[in-house]
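Asker: Below is the file input15.tsv, with TSV, C-alpha atoms.
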chain	number	residue	atom	x	y	z
A	1	MET	CA	176.10	99.26	138.03
A	2	PRO	CA	174.69	99.73	134.50
A	3	ALA	CA	175.79	103.05	132.98
A	4	TYR	CA	174.11	105.12	130.28
A	5	ASP	CA	174.55	108.44	128.56
A	6	PHE	CA	171.03	109.49	129.56
A	7	ILE	CA	168.25	108.20	131.79
A	8	ILE	CA	164.62	109.27	131.25
A	9	VAL	CA	162.41	108.92	134.34
A	10	GLY	CA	158.79	108.76	133.23
A	11	LEU	CA	157.83	107.63	129.73
A	12	GLY	CA	154.65	109.57	129.09
A	13	THR	CA	154.22	112.58	126.83
A	14	SER	CA	157.64	114.24	127.03
A	15	GLY	CA	159.64	111.30	128.31
A	16	SER	CA	158.76	108.94	125.49
A	17	ALA	CA	159.50	111.57	122.83
A	18	THR	CA	162.84	112.51	124.42
A	19	CYS	CA	163.82	108.88	124.80
A	20	MET	CA	163.20	108.34	121.08
A	21	THR	CA	165.03	111.49	120.03
A	22	LEU	CA	168.16	110.79	122.07
A	23	ALA	CA	168.28	107.16	120.96
A	24	ARG	CA	167.94	108.20	117.33
A	25	ARG	CA	170.89	110.53	117.82
A	26	GLY	CA	173.02	107.56	118.74
A	27	PHE	CA	173.15	107.85	122.53
A	28	ASN	CA	172.90	105.03	125.05
A	29	VAL	CA	169.53	105.71	126.68
A	30	LEU	CA	167.56	104.08	129.49
A	31	GLY	CA	163.88	104.87	129.97
A	32	ILE	CA	162.23	104.03	133.30
A	33	ASP	CA	158.54	104.00	134.23
A	34	THR	CA	156.63	102.72	137.26
A	35	TYR	CA	153.97	101.33	134.93
A	36	SER	CA	153.99	100.10	131.32
A	37	PRO	CA	153.28	103.04	129.00
A	38	PRO	CA	150.92	103.87	127.53
A	39	HIS	CA	148.87	103.52	130.71
A	40	THR	CA	145.98	105.16	132.58
A	41	GLN	CA	147.82	106.33	135.70
A	42	GLY	CA	149.04	109.71	134.45
A	43	SER	CA	148.15	112.37	131.90
A	44	HIS	CA	148.60	110.76	128.49
A	45	HIS	CA	145.53	108.52	128.16
A	46	GLY	CA	142.04	109.35	126.97
A	47	ALA	CA	141.91	108.40	123.25
A	48	THR	CA	142.21	111.90	121.75
A	49	ARG	CA	143.98	115.24	122.16
A	50	SER	CA	143.48	118.41	120.14
A	51	VAL	CA	146.29	119.87	118.03
A	52	ARG	CA	146.25	123.54	117.08
A	53	ARG	CA	148.69	126.27	116.18
A	54	ALA	CA	146.80	129.52	116.90
A	55	TYR	CA	147.65	129.17	120.54
A	56	LEU	CA	145.57	131.05	123.09
A	57	GLU	CA	148.07	130.52	125.92
A	58	GLY	CA	150.40	132.99	124.22
A	59	THR	CA	152.08	133.49	120.91
A	60	SER	CA	155.38	132.20	122.35
A	61	TYR	CA	154.03	128.71	121.78
A	62	VAL	CA	153.08	129.14	118.13
A	63	PRO	CA	156.49	128.42	116.50
A	64	MET	CA	156.74	125.28	118.63
A	65	ALA	CA	153.23	124.22	117.60
A	66	GLN	CA	154.06	124.75	113.93
A	67	LYS	CA	157.22	122.65	114.17
A	68	SER	CA	155.41	119.99	116.18
A	69	TRP	CA	152.84	119.54	113.41
A	70	GLU	CA	155.69	118.85	110.97
A	71	LEU	CA	157.26	116.36	113.39
A	72	TRP	CA	153.97	114.50	113.91
A	73	ARG	CA	153.77	114.02	110.14
A	74	LYS	CA	157.40	112.89	110.00
A	75	LEU	CA	156.81	110.36	112.77
A	76	GLU	CA	153.84	109.00	110.83
A	77	LYS	CA	156.07	108.43	107.80
A	78	ASP	CA	158.83	106.87	109.89
A	79	SER	CA	156.53	104.52	111.79
A	80	GLY	CA	153.71	103.82	109.34
A	81	GLN	CA	151.18	104.82	112.02
A	82	LYS	CA	148.31	107.28	111.53
A	83	LEU	CA	148.72	109.59	114.52
A	84	LEU	CA	147.27	112.98	113.46
A	85	VAL	CA	143.90	113.53	111.79
A	86	HIS	CA	142.93	116.90	110.33
A	87	THR	CA	139.83	118.67	111.68
A	88	GLY	CA	138.68	122.19	112.46
A	89	ASN	CA	139.16	123.72	115.91
A	90	LEU	CA	136.83	126.34	117.42
A	91	THR	CA	137.65	128.70	120.29
A	92	ILE	CA	134.41	130.14	121.68
A	93	GLY	CA	133.80	132.92	124.20
A	94	PRO	CA	133.18	136.64	124.59
A	95	PRO	CA	135.38	138.75	122.27
A	96	GLU	CA	137.34	140.13	125.24
A	97	SER	CA	137.99	136.73	126.85
A	98	PRO	CA	141.66	135.64	127.02
A	99	ALA	CA	140.93	132.55	124.94
A	100	VAL	CA	139.28	134.34	122.04
A	101	SER	CA	141.50	137.42	122.02
A	102	GLY	CA	144.57	135.18	122.34
A	103	PHE	CA	143.41	133.01	119.47
A	104	PHE	CA	143.06	135.93	117.09
A	105	ALA	CA	146.35	137.47	118.22
A	106	SER	CA	148.18	134.23	117.44
A	107	ALA	CA	146.36	133.56	114.18
A	108	GLN	CA	146.94	137.07	112.86
A	109	SER	CA	150.57	137.35	113.99
A	110	TYR	CA	151.56	134.07	112.37
A	111	HIS	CA	149.20	134.14	109.36
A	112	ILE	CA	147.43	130.96	110.43
A	113	PRO	CA	144.35	130.27	108.26
A	114	HIS	CA	141.28	131.10	110.35
A	115	GLU	CA	137.78	132.55	110.34
A	116	TYR	CA	135.94	134.97	112.62
A	117	LEU	CA	132.46	133.66	113.38
A	118	THR	CA	129.54	135.18	115.24
A	119	ALA	CA	127.48	133.04	117.59
A	120	ALA	CA	124.80	132.87	114.89
A	121	ASP	CA	127.41	131.67	112.38
A	122	VAL	CA	128.41	128.87	114.74
A	123	ARG	CA	124.83	127.81	115.41
A	124	LYS	CA	124.05	127.74	111.70
A	125	ARG	CA	127.11	125.77	110.69
A	126	TRP	CA	127.07	123.38	113.68
A	127	PRO	CA	123.55	123.23	115.18
A	128	GLN	CA	124.91	120.96	117.93
A	129	LEU	CA	126.75	124.00	119.40
A	130	VAL	CA	124.66	126.76	120.97
A	131	PRO	CA	126.82	129.73	122.02
A	132	PRO	CA	124.91	132.80	123.29
A	133	ASP	CA	124.89	135.96	121.18
A	134	THR	CA	127.45	137.53	123.54
A	135	CYS	CA	130.05	135.05	122.24
A	136	VAL	CA	132.10	134.86	119.07
A	137	ALA	CA	134.38	132.13	117.79
A	138	GLY	CA	137.70	131.69	116.05
A	139	LEU	CA	137.93	128.74	113.69
A	140	GLU	CA	141.40	127.37	112.98
A	141	LYS	CA	140.99	125.58	109.68
A	142	GLU	CA	144.11	123.42	109.72
A	143	ALA	CA	144.01	121.90	113.18
A	144	GLY	CA	143.66	118.27	114.18
A	145	ILE	CA	143.33	115.43	116.65
A	146	VAL	CA	146.17	113.19	117.78
A	147	PHE	CA	145.80	109.79	119.43
A	148	PRO	CA	147.84	109.80	122.67
A	149	GLU	CA	148.07	106.11	123.55
A	150	LEU	CA	149.09	105.19	120.01
A	151	SER	CA	151.52	108.10	119.93
A	152	VAL	CA	153.28	107.20	123.19
A	153	GLY	CA	153.48	103.58	122.05
A	154	THR	CA	154.98	104.74	118.75
A	155	PHE	CA	157.59	106.96	120.43
A	156	LEU	CA	158.68	104.06	122.60
A	157	ALA	CA	158.70	101.52	119.77
A	158	GLU	CA	160.86	103.88	117.72
A	159	ALA	CA	163.12	104.43	120.76
A	160	GLU	CA	163.67	100.71	121.16
A	161	LYS	CA	164.24	100.35	117.42
A	162	ALA	CA	167.00	102.96	117.77
A	163	GLY	CA	168.61	101.07	120.64
A	164	ALA	CA	167.07	102.49	123.82
A	165	ARG	CA	166.48	100.17	126.76
A	166	LEU	CA	163.12	100.47	128.53
A	167	ALA	CA	162.75	99.41	132.17
A	168	VAL	CA	159.01	99.36	132.85
A	169	GLY	CA	157.43	98.28	136.10
A	170	GLU	CA	160.25	99.92	138.07
A	171	ARG	CA	159.51	102.78	140.43
A	172	VAL	CA	162.20	105.39	140.95
A	173	VAL	CA	162.80	105.90	144.67
A	174	ASN	CA	165.32	108.77	144.50
A	175	TRP	CA	168.44	109.95	142.75
A	176	THR	CA	171.85	111.20	143.80
A	177	GLU	CA	174.03	113.61	141.89
A	178	GLY	CA	177.80	113.43	141.88
A	179	PHE	CA	180.52	115.24	139.96
A	180	GLY	CA	179.57	114.68	136.35
A	181	ASN	CA	177.07	111.89	136.86
A	182	VAL	CA	173.71	110.99	138.38
A	183	THR	CA	172.67	107.72	140.00
A	184	VAL	CA	169.00	106.76	139.81
A	185	HIS	CA	167.78	104.33	142.47
A	186	THR	CA	164.71	102.21	141.70
A	187	THR	CA	162.81	99.41	143.39
A	188	SER	CA	164.87	96.99	141.26
A	189	GLY	CA	168.35	98.47	141.45
A	190	SER	CA	170.50	101.48	140.57
A	191	TYR	CA	171.60	103.00	137.26
A	192	GLU	CA	174.13	105.67	136.41
A	193	ALA	CA	174.08	108.29	133.66
A	194	GLY	CA	175.77	111.51	132.69
A	195	ARG	CA	172.41	113.31	132.69
A	196	VAL	CA	168.85	112.53	133.70
A	197	LEU	CA	165.41	113.81	132.73
A	198	ILE	CA	162.65	113.75	135.35
A	199	SER	CA	159.46	113.68	133.28
A	200	ALA	CA	157.25	111.84	135.72
A	201	GLY	CA	154.10	113.95	135.45
A	202	ALA	CA	152.27	114.29	138.74
A	203	TRP	CA	155.18	112.56	140.56
A	204	THR	CA	157.78	115.05	139.31
A	205	SER	CA	157.45	117.39	142.26
A	206	ARG	CA	158.15	114.61	144.76
A	207	LEU	CA	161.14	113.30	142.86
A	208	LEU	CA	162.63	116.80	142.75
A	209	LEU	CA	161.63	117.67	146.35
A	210	LEU	CA	160.08	120.92	145.15
A	211	PRO	CA	158.28	123.34	147.46
A	212	ASP	CA	154.50	123.11	147.59
A	213	LYS	CA	152.58	124.71	144.72
A	214	VAL	CA	155.45	124.84	142.24
A	215	LEU	CA	153.97	121.80	140.51
A	216	THR	CA	150.47	120.88	141.66
A	217	PRO	CA	148.82	117.62	140.60
A	218	LYS	CA	145.21	118.19	139.60
A	219	ARG	CA	142.44	115.63	139.31
A	220	VAL	CA	140.65	115.83	135.92
A	221	PRO	CA	137.28	114.09	135.41
A	222	VAL	CA	136.79	113.28	131.71
A	223	HIS	CA	133.35	112.36	130.41
A	224	TRP	CA	132.36	110.18	127.45
A	225	LEU	CA	128.96	110.54	125.79
A	226	GLU	CA	127.34	107.80	123.72
A	227	VAL	CA	126.10	109.64	120.64
A	228	PRO	CA	124.18	108.58	117.50
A	229	ASP	CA	126.26	108.05	114.40
A	230	ASP	CA	123.90	110.16	112.27
A	231	LYS	CA	123.87	113.46	114.20
A	232	GLY	CA	126.95	115.11	112.77
A	233	LEU	CA	129.07	114.40	115.85
A	234	GLN	CA	131.76	112.37	114.12
A	235	LEU	CA	135.28	113.41	113.20
A	236	GLY	CA	135.08	115.32	109.92
A	237	GLN	CA	131.67	116.79	110.72
A	238	TYR	CA	131.99	118.06	114.28
A	239	PRO	CA	134.94	120.33	115.15
A	240	VAL	CA	137.02	120.33	118.29
A	241	ASN	CA	135.53	123.12	120.41
A	242	PHE	CA	137.06	124.90	123.39
A	243	TRP	CA	134.83	127.25	125.41
A	244	GLN	CA	135.76	130.05	127.80
A	245	VAL	CA	132.51	131.46	129.16
A	246	PRO	CA	131.91	133.86	132.07
A	247	VAL	CA	131.01	132.37	135.43
A	248	GLU	CA	127.45	133.30	136.30
A	249	LYS	CA	126.51	135.23	139.46
A	250	SER	CA	130.05	136.37	140.09
A	251	PRO	CA	129.92	140.20	140.34
A	252	GLU	CA	132.97	140.23	142.59
A	253	SER	CA	134.95	138.40	139.88
A	254	PRO	CA	133.66	139.75	136.58
A	255	HIS	CA	136.55	138.25	134.62
A	256	THR	CA	136.24	134.70	135.95
A	257	TYR	CA	135.63	132.07	133.28
A	258	THR	CA	134.62	128.44	133.06
A	259	GLU	CA	136.68	126.49	130.53
A	260	PHE	CA	135.55	123.25	128.96
A	261	TYR	CA	135.91	121.44	125.65
A	262	SER	CA	134.40	118.70	123.54
A	263	LEU	CA	136.08	116.50	120.94
A	264	PRO	CA	134.26	114.54	118.22
A	265	ALA	CA	133.66	110.82	118.18
A	266	VAL	CA	136.55	109.46	116.14
A	267	SER	CA	134.64	106.61	114.47
A	268	PRO	CA	131.12	105.16	114.25
A	269	GLY	CA	130.14	103.76	117.63
A	270	ALA	CA	132.84	105.75	119.46
A	271	ALA	CA	132.01	108.19	122.27
A	272	LEU	CA	132.24	111.98	122.24
A	273	LYS	CA	134.58	113.47	124.84
A	274	VAL	CA	133.72	116.41	127.15
A	275	ALA	CA	135.67	117.80	130.11
A	276	PHE	CA	136.40	120.92	132.13
A	277	HIS	CA	139.82	122.49	131.69
A	278	ASN	CA	139.85	124.63	134.85
A	279	GLY	CA	138.29	124.63	138.30
A	280	LEU	CA	140.06	121.35	139.05
A	281	GLU	CA	140.82	119.85	142.48
A	282	ASP	CA	144.30	119.19	143.86
A	283	CYS	CA	145.09	115.52	144.33
A	284	ASP	CA	147.62	113.06	145.69
A	285	PRO	CA	149.04	111.32	142.60
A	286	ALA	CA	149.61	108.16	144.60
A	287	GLN	CA	145.96	108.01	145.69
A	288	PRO	CA	143.76	110.08	143.37
A	289	ASP	CA	140.03	109.67	143.79
A	290	ARG	CA	139.10	107.75	140.65
A	291	ASP	CA	135.35	108.03	141.27
A	292	VAL	CA	133.47	110.92	139.68
A	293	SER	CA	131.10	112.46	142.23
A	294	PRO	CA	127.41	113.30	141.67
A	295	ALA	CA	128.34	116.99	141.90
A	296	GLU	CA	130.90	116.56	139.12
A	297	PHE	CA	128.34	114.79	136.95
A	298	GLU	CA	125.88	117.61	137.51
A	299	ALA	CA	128.47	120.27	136.71
A	300	ILE	CA	129.31	118.78	133.32
A	301	LYS	CA	125.65	118.08	132.57
A	302	THR	CA	124.86	121.74	133.26
A	303	VAL	CA	127.25	123.03	130.61
A	304	ILE	CA	126.19	120.30	128.19
A	305	SER	CA	122.50	121.20	128.57
A	306	ARG	CA	123.24	124.88	128.03
A	307	TYR	CA	125.84	124.84	125.25
A	308	LEU	CA	125.48	121.36	123.70
A	309	PRO	CA	121.77	120.76	124.34
A	310	ASP	CA	121.33	117.95	121.80
A	311	LEU	CA	123.65	115.88	123.99
A	312	GLN	CA	122.03	116.50	127.37
A	313	PHE	CA	120.28	113.12	127.47
A	314	ALA	CA	123.14	111.07	126.02
A	315	PRO	CA	124.36	108.20	128.23
A	316	ILE	CA	127.55	109.25	129.96
A	317	CYS	CA	130.47	107.48	131.59
A	318	SER	CA	133.54	109.04	133.15
A	319	GLU	CA	137.15	108.49	134.16
A	320	VAL	CA	139.85	110.51	135.88
A	321	CYS	CA	143.28	111.58	134.69
A	322	MET	CA	145.73	114.17	136.07
A	323	TYR	CA	147.25	117.49	135.10
A	324	THR	CA	150.49	118.76	136.61
A	325	MET	CA	149.85	122.51	136.92
A	326	THR	CA	152.16	125.45	137.39
A	327	ALA	CA	151.00	128.66	139.06
A	328	ASP	CA	151.07	130.59	135.77
A	329	GLY	CA	149.81	127.79	133.51
A	330	HIS	CA	153.01	127.63	131.44
A	331	PHE	CA	155.34	124.68	130.96
A	332	TYR	CA	158.07	123.89	133.50
A	333	LEU	CA	161.13	122.92	131.47
A	334	GLY	CA	164.87	123.08	131.97
A	335	LEU	CA	167.55	122.26	134.54
A	336	ALA	CA	166.09	121.05	137.80
A	337	PRO	CA	166.56	123.50	140.68
A	338	GLY	CA	169.91	123.06	142.39
A	339	SER	CA	171.19	120.56	139.83
A	340	HIS	CA	173.80	120.59	137.08
A	341	HIS	CA	172.94	117.27	135.43
A	342	VAL	CA	169.23	116.70	136.05
A	343	PHE	CA	166.60	118.19	133.75
A	344	THR	CA	162.85	118.26	134.19
A	345	VAL	CA	159.59	118.98	132.39
A	346	ALA	CA	155.91	119.37	133.31
A	347	LEU	CA	153.23	120.50	130.87
A	348	ALA	CA	150.43	122.21	132.86
A	349	GLY	CA	147.63	120.31	131.18
A	350	HIS	CA	148.15	121.46	127.60
A	351	GLY	CA	151.29	119.79	126.33
A	352	PHE	CA	150.50	116.65	124.36
A	353	LYS	CA	150.23	118.41	121.00
A	354	PHE	CA	153.86	119.53	121.51
A	355	ALA	CA	155.27	116.08	122.31
A	356	PRO	CA	157.55	115.65	119.25
A	357	VAL	CA	159.05	119.13	119.49
A	358	LEU	CA	159.47	118.82	123.25
A	359	GLY	CA	161.48	115.67	122.60
A	360	GLU	CA	163.75	117.70	120.31
A	361	ILE	CA	164.05	120.62	122.76
A	362	LEU	CA	164.85	118.42	125.75
A	363	ALA	CA	167.34	116.34	123.77
A	364	ASP	CA	169.06	119.57	122.71
A	365	LEU	CA	169.22	120.87	126.29
A	366	MET	CA	170.60	117.61	127.59
A	367	THR	CA	173.35	117.56	124.93
A	368	ASP	CA	174.30	121.24	125.29
A	369	ILE	CA	172.78	122.28	121.95
A	370	PRO	CA	170.97	125.65	122.02
A	371	PRO	CA	167.27	124.92	121.35
A	372	GLU	CA	165.70	126.22	118.17
A	373	PHE	CA	163.03	128.02	120.22
A	374	ASP	CA	162.95	130.64	122.95
A	375	ILE	CA	162.03	128.64	126.05
A	376	GLY	CA	162.73	131.34	128.64
A	377	LEU	CA	159.02	131.48	129.49
A	378	PHE	CA	159.22	127.91	130.79
A	379	SER	CA	162.30	128.17	133.01
A	380	PRO	CA	162.07	126.48	136.43
A	381	LYS	CA	164.02	129.46	137.78
A	382	ARG	CA	160.88	131.62	137.65
A	383	PHE	CA	159.63	129.87	140.80
A	384	PRO	CA	161.26	129.71	144.25
A	385	SER	CA	163.02	126.50	145.11
A	386	ASN	CA	164.62	124.95	148.12
A	387	GLY	CA	167.08	123.10	145.85
A	388	GLN	CA	166.79	119.87	147.84
A	389	VAL	CA	168.62	117.06	146.12
A	390	ASP	CA	170.73	114.25	147.49
A	391	ALA	CA	174.39	115.13	147.07
A	392	GLY	CA	176.56	112.33	145.75
Show me the file's structure as structure tokens.

Answerer:
Amino acid sequence: MPAYDFIIVGLGTSGSATCMTLARRGFNVLGIDTYSPPHTQGSHHGATRSVRRAYLEGTSYVPMAQKSWELWRKLEKDSGQKLLVHTGNLTIGPPESPAVSGFFASAQSYHIPHEYLTAADVRKRWPQLVPPDTCVAGLEKEAGIVFPELSVGTFLAEAEKAGARLAVGERVVNWTEGFGNVTVHTTSGSYEAGRVLISAGAWTSRLLLLPDKVLTPKRVPVHWLEVPDDKGLQLGQYPVNFWQVPVEKSPESPHTYTEFYSLPAVSPGAALKVAFHNGLEDCDPAQPDRDVSPAEFEAIKTVISRYLPDLQFAPICSEVCMYTMTADGHFYLGLAPGSHHVFTVALAGHGFKFAPVLGEILADLMTDIPPEFDIGLFSPKRFPSNGQVDAG
């Protein structure tokens, strides 16, 4: 049976970065994926992801975001690839909304360059965006866009360059843990390692036999709008914009918000990306509905017509990806429940910007090095677990 220091199960966002980091540190690493990353079956496709440091999900993330920016730039130098492009990033909503208040708390606490803008300021500077007067915006000046498919491909190319072996097109069936080792069983055979990372996105819960609702796969329709090249919608003219706006006609839930975002077209002839960030349906990762329904089209067209009205008649096409959500919206990262040698990670729909630093954190954990960051917020122990693993 082939033996390795570490096995990485799932080579998407976190898995590819961890595989590279461990291989660069001189370890014997095997990466396994059911498909051939980068691919369209998980959470890491879709051409663009936003990168920001004034983090509305909580200031605990900000030091990680700052380090990740540095690591993206280092990876560019190492690989010769252009992975991160600078652009502004707007967070728009009522002043009291969690997104806006969280943005300013992070920006002020960590001295991140930013501006406070009224709705009128936004409309004047970017006429394509039409927030109501009840909204304000925070502009992070030094944010960016990263290219996920190219990034995952770069992580894996660098991993192989450092000596990692990649087994793609192999599905992991299960794993068994013994005294000091773990055996991973795939459709093609079995492999042994001292420690394993389960970073399989929407399939992570099944591989760990977690209780329902600890990690919940969500179906995410993503929409692409064909836009004119001369309307200020290109990268460099049009900022990334994230909206958190109150749900209408909801007196029983006055603090309920709709969250959506749009990202600029990255080059002439490219499409502009729009999607909801919440209100998503649960799905079976093995059989997600890949068709976007008429109701889903109408929902996104409604917010476009109201907040991005210049785009309401733009031709639109759509695809579906997946989030792997936790109940509190924070990452799930650390030792797998009931295990001593198996680690795991899931990113709750907002993790790609952190990929390089997550690779460092997970590599540290797996080699008994205290991480540079406080990751207590992400501990799997915060959720109940039945601890079901196969005993070796």

Asker: Which value, in Å to one decimal, gives the distance between CA of Val51 in chain A and CA of Pro356 in chain A?

Answerer: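 CA of Pro356 in chain A lies at a distance of 12.1 Å from CA of Val51 in chain A.
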
Asker: Rounded to one decimal in Å, what is the spacing between CA of Leu75 in chain A and CA of Ala17 in chain A?

Answerer: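 Pair CA of Leu75 in chain A / CA of Ala17 in chain A returns 10.5 Å.
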
Asker: Excluding Ser190 in chain A and residues on its chain fewer than 4 positions from it, collect all residues at most 12 Å away from it, counting all atoms listed in the file, and give them as a list in words.

Answerer: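 My reading of the contact set: Met1, Pro2, Ala3, Tyr4, Ile7, Leu30, Ile32, Ala167, Glu170, Arg171, Val172, Val173, Asn174, Trp175, Thr176, Val182, Thr183, Val184, His185 and Thr186 of chain A.
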
Asker: Select, from A:Asp5, A:Glu70, A:Asp364, A:Asp291, the residue with the minimum atom-to-atom distance to Arg219 in chain A, counting all atoms listed in the file.

Answerer: A:Asp291

Asker: Fewer than 3 positions away in the same chain doesn't count, so skip those; otherwise give me all residues within 7 Å of range 306-315 of chain A, counting only C-alpha atoms, as a PyMOL selection string.

Answerer: chain A and resi 128-131+225-227+301-303

Asker: Using only C-alpha atoms, pick whichever of A:Gly236, A:Gly15, A:Gly153, A:Pro285 has the shortest atom-to-atom distance to Gly88 in chain A.

Answerer: A:Gly236

Asker: Using all atoms listed in the file, which residue out of A:Pro37, A:Pro268, A:Pro294, A:Pro246 lies closest to Glu96 in chain A?

Answerer: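 The closest residue to Glu96 in chain A is A:Pro246.
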
Asker: Give the answer as one residue: which of A:Leu333, A:Leu156, A:Ala363, A:Ala346 has the shortest atom-to-atom distance to Leu377 in chain A, using all atoms listed in the file?

Answerer: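 With all atoms listed in the file as the atom set, the closest residue is A:Leu333.
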
Asker: Up to 12 Å from (137.3, 107.0, 120.3) in the file's coordinates: name the residues, counting only C-alpha atoms, as number ranges by chain.

Answerer: A: 45-49, 145-150, 224-227, 233-235, 263-273

Asker: With 12 Å as the cut-off and only C-alpha atoms counted, what is the closest atom pair between each nearby residue of range 227-268 of chain A and range 134-143 of chain A? Distances in Å to one decimal, ordered by chain and number, as JSON lines.

Answerer:
{"residue": "A:Gly236", "atom": "CA", "partner": "A:Ala143", "partner_atom": "CA", "distance": 11.6}
{"residue": "A:Pro239", "atom": "CA", "partner": "A:Leu139", "partner_atom": "CA", "distance": 9.0}
{"residue": "A:Val240", "atom": "CA", "partner": "A:Ala143", "partner_atom": "CA", "distance": 8.8}
{"residue": "A:Asn241", "atom": "CA", "partner": "A:Leu139", "partner_atom": "CA", "distance": 9.1}
{"residue": "A:Phe242", "atom": "CA", "partner": "A:Ala137", "partner_atom": "CA", "distance": 9.5}
{"residue": "A:Trp243", "atom": "CA", "partner": "A:Ala137", "partner_atom": "CA", "distance": 9.1}
{"residue": "A:Gln244", "atom": "CA", "partner": "A:Cys135", "partner_atom": "CA", "distance": 9.4}
{"residue": "A:Val245", "atom": "CA", "partner": "A:Cys135", "partner_atom": "CA", "distance": 8.2}
{"residue": "A:Pro246", "atom": "CA", "partner": "A:Cys135", "partner_atom": "CA", "distance": 10.1}
